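Text of run-v2.cif (mmCIF, C-alpha atoms) as supplied:
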```
data_structure
#
loop_
_atom_site.group_PDB
_atom_site.id
_atom_site.type_symbol
_atom_site.label_atom_id
_atom_site.label_comp_id
_atom_site.auth_asym_id
_atom_site.auth_seq_id
_atom_site.Cartn_x
_atom_site.Cartn_y
_atom_site.Cartn_z
ATOM 1 C CA MET V 25 -14.940 -5.594 -8.372
ATOM 2 C CA ALA V 26 -12.584 -5.946 -5.423
ATOM 3 C CA HIS V 27 -11.392 -3.656 -2.646
ATOM 4 C CA VAL V 28 -7.666 -2.889 -2.389
ATOM 5 C CA PHE V 29 -6.002 -1.076 0.530
ATOM 6 C CA VAL V 30 -3.042 1.108 -0.489
ATOM 7 C CA TYR V 31 -0.707 2.536 2.153
ATOM 8 C CA GLY V 32 2.362 3.763 0.260
ATOM 9 C CA THR V 33 3.294 5.301 -3.070
ATOM 10 C CA LEU V 34 -0.114 4.517 -4.645
ATOM 11 C CA LYS V 35 -2.049 6.821 -2.266
ATOM 12 C CA LYS V 36 -3.338 10.230 -3.369
ATOM 13 C CA GLY V 37 -0.519 12.767 -3.528
ATOM 14 C CA GLN V 38 2.182 10.088 -3.698
ATOM 15 C CA PRO V 39 4.605 9.328 -6.570
ATOM 16 C CA ASN V 40 2.733 6.359 -8.074
ATOM 17 C CA HIS V 41 -0.884 7.436 -7.575
ATOM 18 C CA HIS V 42 -1.157 8.269 -11.289
ATOM 19 C CA TYR V 43 -1.103 4.523 -12.024
ATOM 20 C CA MET V 44 -4.343 4.151 -10.030
ATOM 21 C CA MET V 45 -6.005 6.848 -12.135
ATOM 22 C CA ASP V 46 -4.739 5.643 -15.539
ATOM 23 C CA SER V 47 -7.763 3.984 -17.187
ATOM 24 C CA SER V 48 -5.474 1.986 -19.487
ATOM 25 C CA ASN V 49 -4.507 0.006 -16.336
ATOM 26 C CA GLY V 50 -8.145 -0.638 -15.443
ATOM 27 C CA LYS V 51 -10.646 1.058 -13.187
ATOM 28 C CA ALA V 52 -9.980 2.235 -9.609
ATOM 29 C CA THR V 53 -12.456 4.262 -7.578
ATOM 30 C CA PHE V 54 -11.597 5.749 -4.182
ATOM 31 C CA VAL V 55 -14.099 4.527 -1.576
ATOM 32 C CA ALA V 56 -12.651 5.351 1.864
ATOM 33 C CA THR V 57 -9.735 6.076 4.109
ATOM 34 C CA ALA V 58 -9.060 3.301 6.585
ATOM 35 C CA ILE V 59 -6.671 1.961 9.185
ATOM 36 C CA THR V 60 -5.611 -1.658 9.581
ATOM 37 C CA ALA V 61 -7.530 -3.507 12.287
ATOM 38 C CA GLN V 62 -4.280 -5.178 13.364
ATOM 39 C CA LYS V 63 -0.822 -3.724 13.811
ATOM 40 C CA TYR V 64 1.738 -4.282 11.056
ATOM 41 C CA PRO V 65 5.292 -2.988 10.586
ATOM 42 C CA LEU V 66 5.264 -0.421 7.760
ATOM 43 C CA VAL V 67 8.941 0.196 7.028
ATOM 44 C CA ILE V 68 10.931 2.071 4.408
ATOM 45 C CA ALA V 69 13.686 -0.173 3.110
ATOM 46 C CA GLY V 70 16.050 -1.132 0.319
ATOM 47 C CA LYS V 71 18.256 1.033 -1.842
ATOM 48 C CA TYR V 72 15.172 2.708 -3.411
ATOM 49 C CA ASN V 73 13.507 3.533 -0.052
ATOM 50 C CA ILE V 74 10.350 1.583 -0.840
ATOM 51 C CA PRO V 75 7.540 1.376 1.725
ATOM 52 C CA PHE V 76 6.932 -2.249 2.705
ATOM 53 C CA LEU V 77 4.142 -3.616 4.869
ATOM 54 C CA LEU V 78 5.725 -6.634 6.521
ATOM 55 C CA ASN V 79 3.314 -9.531 6.913
ATOM 56 C CA LEU V 80 3.877 -9.699 10.667
ATOM 57 C CA PRO V 81 0.401 -9.111 12.132
ATOM 58 C CA GLY V 82 0.455 -7.910 15.728
ATOM 59 C CA ARG V 83 3.792 -6.099 15.391
ATOM 60 C CA GLY V 84 4.361 -2.455 14.463
ATOM 61 C CA LEU V 85 1.474 0.025 14.276
ATOM 62 C CA ARG V 86 -2.015 0.258 12.839
ATOM 63 C CA VAL V 87 -1.399 1.531 9.317
ATOM 64 C CA HIS V 88 -3.370 4.336 7.630
ATOM 65 C CA GLY V 89 -4.230 4.155 3.944
ATOM 66 C CA GLU V 90 -6.905 4.333 1.276
ATOM 67 C CA VAL V 91 -9.401 1.782 -0.015
ATOM 68 C CA TYR V 92 -10.139 1.590 -3.737
ATOM 69 C CA GLU V 93 -12.689 -0.466 -5.603
ATOM 70 C CA VAL V 94 -10.857 -1.947 -8.581
ATOM 71 C CA ASP V 95 -11.847 -4.044 -11.565
ATOM 72 C CA LYS V 96 -10.139 -7.269 -12.639
ATOM 73 C CA LYS V 97 -7.867 -5.436 -15.098
ATOM 74 C CA MET V 98 -6.587 -3.011 -12.420
ATOM 75 C CA LEU V 99 -6.105 -5.867 -9.962
ATOM 76 C CA GLY V 100 -3.971 -7.633 -12.566
ATOM 77 C CA PHE V 101 -2.016 -4.436 -13.188
ATOM 78 C CA LEU V 102 -1.430 -3.967 -9.447
ATOM 79 C CA ASP V 103 -0.253 -7.593 -9.096
ATOM 80 C CA GLU V 104 2.300 -6.952 -11.834
ATOM 81 C CA PHE V 105 3.253 -3.499 -10.491
ATOM 82 C CA GLU V 106 3.808 -4.943 -6.999
ATOM 83 C CA CYS V 107 5.819 -7.880 -8.417
ATOM 84 C CA VAL V 108 3.495 -10.548 -7.010
ATOM 85 C CA PRO V 109 4.454 -13.082 -5.771
ATOM 86 C CA GLY V 110 8.191 -12.300 -5.556
ATOM 87 C CA MET V 111 8.424 -8.907 -3.860
ATOM 88 C CA TYR V 112 4.892 -8.634 -2.438
ATOM 89 C CA GLN V 113 2.055 -11.059 -1.834
ATOM 90 C CA ARG V 114 -1.606 -10.093 -2.192
ATOM 91 C CA THR V 115 -3.433 -11.103 0.972
ATOM 92 C CA THR V 116 -6.513 -9.831 2.798
ATOM 93 C CA ALA V 117 -6.535 -7.616 5.859
ATOM 94 C CA GLY V 118 -9.224 -6.334 8.181
ATOM 95 C CA LEU V 119 -9.692 -2.563 8.080
ATOM 96 C CA GLU V 120 -11.535 0.027 10.144
ATOM 97 C CA VAL V 121 -13.142 2.613 7.874
ATOM 98 C CA ARG V 122 -12.271 6.202 8.834
ATOM 99 C CA GLU V 123 -13.900 8.419 6.179
ATOM 100 C CA SER V 124 -16.083 7.246 3.336
ATOM 101 C CA ALA V 125 -16.208 8.854 -0.102
ATOM 102 C CA ALA V 126 -19.321 10.888 -0.849
ATOM 103 C CA GLY V 127 -22.164 8.460 -1.444
ATOM 104 C CA GLY V 128 -19.926 5.596 -0.343
ATOM 105 C CA LYS V 129 -21.180 2.239 0.852
ATOM 106 C CA LEU V 130 -18.646 1.921 3.681
ATOM 107 C CA SER V 131 -19.631 3.782 6.831
ATOM 108 C CA PRO V 132 -17.075 5.307 9.229
ATOM 109 C CA GLY V 133 -16.260 2.960 12.099
ATOM 110 C CA SER V 134 -17.322 -0.139 10.186
ATOM 111 C CA ILE V 135 -14.963 -3.065 9.693
ATOM 112 C CA THR V 136 -14.292 -4.350 6.189
ATOM 113 C CA GLU V 137 -11.746 -6.508 4.395
ATOM 114 C CA ALA V 138 -9.623 -5.624 1.413
ATOM 115 C CA PHE V 139 -6.688 -6.970 -0.497
ATOM 116 C CA VAL V 140 -3.366 -5.570 0.667
ATOM 117 C CA TYR V 141 0.110 -5.957 -0.775
ATOM 118 C CA SER V 142 2.383 -7.069 2.037
ATOM 119 C CA THR V 143 5.616 -8.998 2.015
ATOM 120 C CA THR V 144 7.174 -12.030 3.635
ATOM 121 C CA ALA V 145 10.255 -11.634 1.402
ATOM 122 C CA TYR V 146 12.278 -9.159 3.441
ATOM 123 C CA GLN V 147 15.782 -8.825 4.826
ATOM 124 C CA PRO V 148 16.363 -10.092 8.398
ATOM 125 C CA ASP V 149 16.931 -6.562 9.768
ATOM 126 C CA TRP V 150 13.750 -5.031 8.308
ATOM 127 C CA PRO V 151 11.495 -5.900 11.304
ATOM 128 C CA SER V 152 13.832 -3.808 13.477
ATOM 129 C CA LEU V 153 13.588 -0.720 11.220
ATOM 130 C CA PRO V 154 11.424 2.204 12.390
ATOM 131 C CA ALA V 155 7.744 1.483 11.816
ATOM 132 C CA PHE V 156 5.391 4.144 10.469
ATOM 133 C CA GLU V 157 1.613 4.445 10.819
ATOM 134 C CA SER V 158 1.368 6.479 7.632
ATOM 135 C CA TYR V 159 3.651 6.808 4.603
ATOM 136 C CA ASP V 160 4.479 10.034 2.813
ATOM 137 C CA ALA V 161 7.276 10.090 0.225
ATOM 138 C CA SER V 162 8.059 13.652 1.362
ATOM 139 C CA GLY V 163 7.847 12.824 5.068
ATOM 140 C CA ASP V 164 10.326 13.883 7.719
ATOM 141 C CA HIS V 165 11.946 10.425 7.638
ATOM 142 C CA GLY V 166 14.469 11.826 5.113
ATOM 143 C CA LEU V 167 14.401 8.688 2.955
ATOM 144 C CA ARG V 168 13.870 9.780 -0.650
ATOM 145 C CA TYR V 169 11.772 7.327 -2.642
ATOM 146 C CA VAL V 170 13.360 6.475 -5.997
ATOM 147 C CA CYS V 171 10.742 6.139 -8.745
ATOM 148 C CA ARG V 172 11.058 3.158 -11.096
ATOM 149 C CA GLU V 173 12.018 5.333 -14.067
ATOM 150 C CA ASP V 174 14.970 6.711 -12.037
ATOM 151 C CA ARG V 175 16.343 3.305 -10.964
ATOM 152 C CA HIS V 176 19.508 2.224 -12.728
#
```
Could you render the structure as structure tokens?
Amino acid sequence: MAHVFVYGTLKKGQPNHHYMMDSSNGKATFVATAITAQKYPLVIAGKYNIPFLLNLPGRGLRVHGEVYEVDKKMLGFLDEFECVPGMYQRTTAGLEVRESAAGGKLSPGSITEAFVYSTTAYQPDWPSLPAFESYDASGDHGLRYVCREDRH
């Protein structure tokens, strides 16, 4: 089992969270909310308004998200879903645990590591886009996320 930090459309209440809960993709169990130990630019970019965590540690903001414990099958699904290694790369990031799931092993305030899907494959202007500390597809940013099934 591995820990994965999700910060965008895979979080609870977001358009792609159902993929995390679909057992045919593998197993994913919510373990905690967390914030990145370092700052990163979380931007919304491209014609589909996709949230991207730019692999530029030290720039941007500390990013809020959720930590899931996933099995090998789900990790493979997520690699494919995130188009690794072309669109995103799976790397590790340090996280500060905020709230742990009931009976969870991670205690609030502790530091842990998890896989995160960030990108080095971005357009030159993306680092200058507004950075967010938390992503919500329905946020006041006004940038409507286009789900994969609606992309033409």
Shortest interatomic distance to Ile74 of chain V - which of V:Glu123, V:Tyr146, V:Thr33, V:Pro151, counting only C-alpha atoms | V:Thr33
Selection: 8 Å around segment 87-97 of chain V, all atoms listed in the file, excl. self and same-chain fewer than 5 positions, as JSON, numbers by chain = {"V": [25, 26, 27, 28, 29, 30, 31, 32, 35, 49, 50, 51, 52, 53, 54, 55, 56, 57, 58, 59, 60, 63, 64, 66, 138, 156, 157, 158]}
By how many Å are atom CA of Tyr169 of chain V and atom CA of Lys71 of chain V apart?
-> 9.1 Å
Exactly which residues make up the result of the PyMOL selection byres ((chain V and resi 168) around 12) on this file, given as a ChimeraX atom specification?
-> /V:33,39,68-75,159-167,169-171,174
Do a neighbour search on Asp103 of chain V at 8 Å with all atoms listed in the file, toss out local chain neighbours closer than 5 positions, and write the hits as a PyMOL selection string.
-> chain V and resi 108-109+114
Would you mind reading off the distance between atom CA of Thr144 of chain V and atom CA of Ala61 of chain V, one decimal, in Å?
->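 Going from atom CA of Thr144 of chain V over to atom CA of Ala61 of chain V covers 19.1 Å.
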Best match for closeness to Gly110 of chain V among V:Val140, V:Ala145, V:Ala126, V:Leu78, counting only C-alpha atoms | V:Ala145
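Separating atom CA of Gly82 of chain V from atom CA of Gln62 of chain V is a distance of 6.0 Å.
In terms of minimum interatomic distance to Asp46 of chain V, V:Phe101 ranks closest within V:Phe76, V:Phe101, V:Tyr112, V:Tyr141, counting all atoms listed in the file.
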Test item: the PyMOL selection byres ((chain V and resi 137) around 7) resolved as a list of chain:residue names | V:Thr116, V:Ala117, V:Gly118, V:Leu119, V:Thr136, V:Ala138
Please output segment 104-136 of chain V, rebuilt to include N, CA and C atoms, as a compact mmCIF listing (two decimals), in the coordinates of the input.
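New file selection-v1.txt:
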```txt
# COMPACT_ATOMS: atom_id res chain seq x y z
N GLU V 104 1.06 -7.08 -11.06
CA GLU V 104 2.30 -6.95 -11.83
C GLU V 104 3.16 -5.81 -11.29
N PHE V 105 2.54 -4.67 -11.01
CA PHE V 105 3.25 -3.50 -10.49
C PHE V 105 3.95 -3.83 -9.17
N GLU V 106 3.27 -4.59 -8.32
CA GLU V 106 3.81 -4.94 -7.00
C GLU V 106 4.68 -6.20 -7.03
N CYS V 107 4.94 -6.71 -8.24
CA CYS V 107 5.82 -7.88 -8.42
C CYS V 107 5.36 -9.09 -7.59
N VAL V 108 4.07 -9.37 -7.68
CA VAL V 108 3.50 -10.55 -7.01
C VAL V 108 3.86 -11.79 -7.81
N PRO V 109 4.34 -12.85 -7.20
CA PRO V 109 4.45 -13.08 -5.77
C PRO V 109 5.86 -12.88 -5.21
N GLY V 110 6.80 -12.39 -6.02
CA GLY V 110 8.19 -12.30 -5.56
C GLY V 110 8.43 -11.26 -4.49
N MET V 111 8.14 -9.99 -4.80
CA MET V 111 8.42 -8.91 -3.86
C MET V 111 7.31 -8.76 -2.83
N TYR V 112 6.06 -8.75 -3.31
CA TYR V 112 4.89 -8.63 -2.44
C TYR V 112 3.98 -9.82 -2.67
N GLN V 113 3.10 -10.07 -1.70
CA GLN V 113 2.06 -11.06 -1.83
C GLN V 113 0.73 -10.33 -1.61
N ARG V 114 -0.28 -10.69 -2.38
CA ARG V 114 -1.61 -10.09 -2.19
C ARG V 114 -2.38 -10.96 -1.22
N THR V 115 -2.68 -10.41 -0.07
CA THR V 115 -3.43 -11.10 0.97
C THR V 115 -4.63 -10.22 1.36
N THR V 116 -5.42 -10.67 2.31
CA THR V 116 -6.51 -9.83 2.80
C THR V 116 -6.19 -9.35 4.21
N ALA V 117 -6.72 -8.18 4.52
CA ALA V 117 -6.54 -7.62 5.86
C ALA V 117 -7.83 -6.97 6.30
N GLY V 118 -8.08 -7.02 7.60
CA GLY V 118 -9.22 -6.33 8.18
C GLY V 118 -8.90 -4.86 8.33
N LEU V 119 -9.88 -4.01 8.04
CA LEU V 119 -9.69 -2.56 8.08
C LEU V 119 -10.84 -1.91 8.83
N GLU V 120 -10.52 -0.82 9.54
CA GLU V 120 -11.54 0.03 10.14
C GLU V 120 -11.69 1.26 9.27
N VAL V 121 -12.88 1.48 8.75
CA VAL V 121 -13.14 2.61 7.87
C VAL V 121 -13.09 3.90 8.70
N ARG V 122 -12.37 4.89 8.18
CA ARG V 122 -12.27 6.20 8.83
C ARG V 122 -13.23 7.19 8.19
N GLU V 123 -13.02 7.49 6.91
CA GLU V 123 -13.90 8.42 6.18
C GLU V 123 -14.29 7.77 4.86
N SER V 124 -15.57 7.83 4.57
CA SER V 124 -16.08 7.25 3.34
C SER V 124 -16.21 8.32 2.27
N ALA V 125 -16.01 7.93 1.02
CA ALA V 125 -16.21 8.85 -0.10
C ALA V 125 -17.67 9.26 -0.15
N ALA V 126 -17.94 10.41 -0.73
CA ALA V 126 -19.32 10.89 -0.85
C ALA V 126 -20.18 9.82 -1.52
N GLY V 127 -21.28 9.49 -0.90
CA GLY V 127 -22.16 8.46 -1.44
C GLY V 127 -21.62 7.06 -1.29
N GLY V 128 -20.57 6.90 -0.49
CA GLY V 128 -19.93 5.60 -0.34
C GLY V 128 -20.75 4.59 0.43
N LYS V 129 -20.46 3.33 0.20
CA LYS V 129 -21.18 2.24 0.85
C LYS V 129 -20.57 1.87 2.20
N LEU V 130 -19.32 2.26 2.43
CA LEU V 130 -18.65 1.92 3.68
C LEU V 130 -18.84 3.05 4.69
N SER V 131 -19.38 2.73 5.85
CA SER V 131 -19.63 3.78 6.83
C SER V 131 -18.49 3.87 7.84
N PRO V 132 -18.15 5.11 8.25
CA PRO V 132 -17.08 5.31 9.23
C PRO V 132 -17.30 4.45 10.48
N GLY V 133 -16.21 3.83 10.93
CA GLY V 133 -16.26 2.96 12.10
C GLY V 133 -16.55 1.51 11.77
N SER V 134 -17.03 1.25 10.56
CA SER V 134 -17.32 -0.14 10.19
C SER V 134 -16.02 -0.89 9.89
N ILE V 135 -16.11 -2.20 9.98
CA ILE V 135 -14.96 -3.06 9.69
C ILE V 135 -15.22 -3.73 8.34
N THR V 136 -14.19 -3.73 7.50
CA THR V 136 -14.29 -4.35 6.19
C THR V 136 -12.99 -5.09 5.91
```
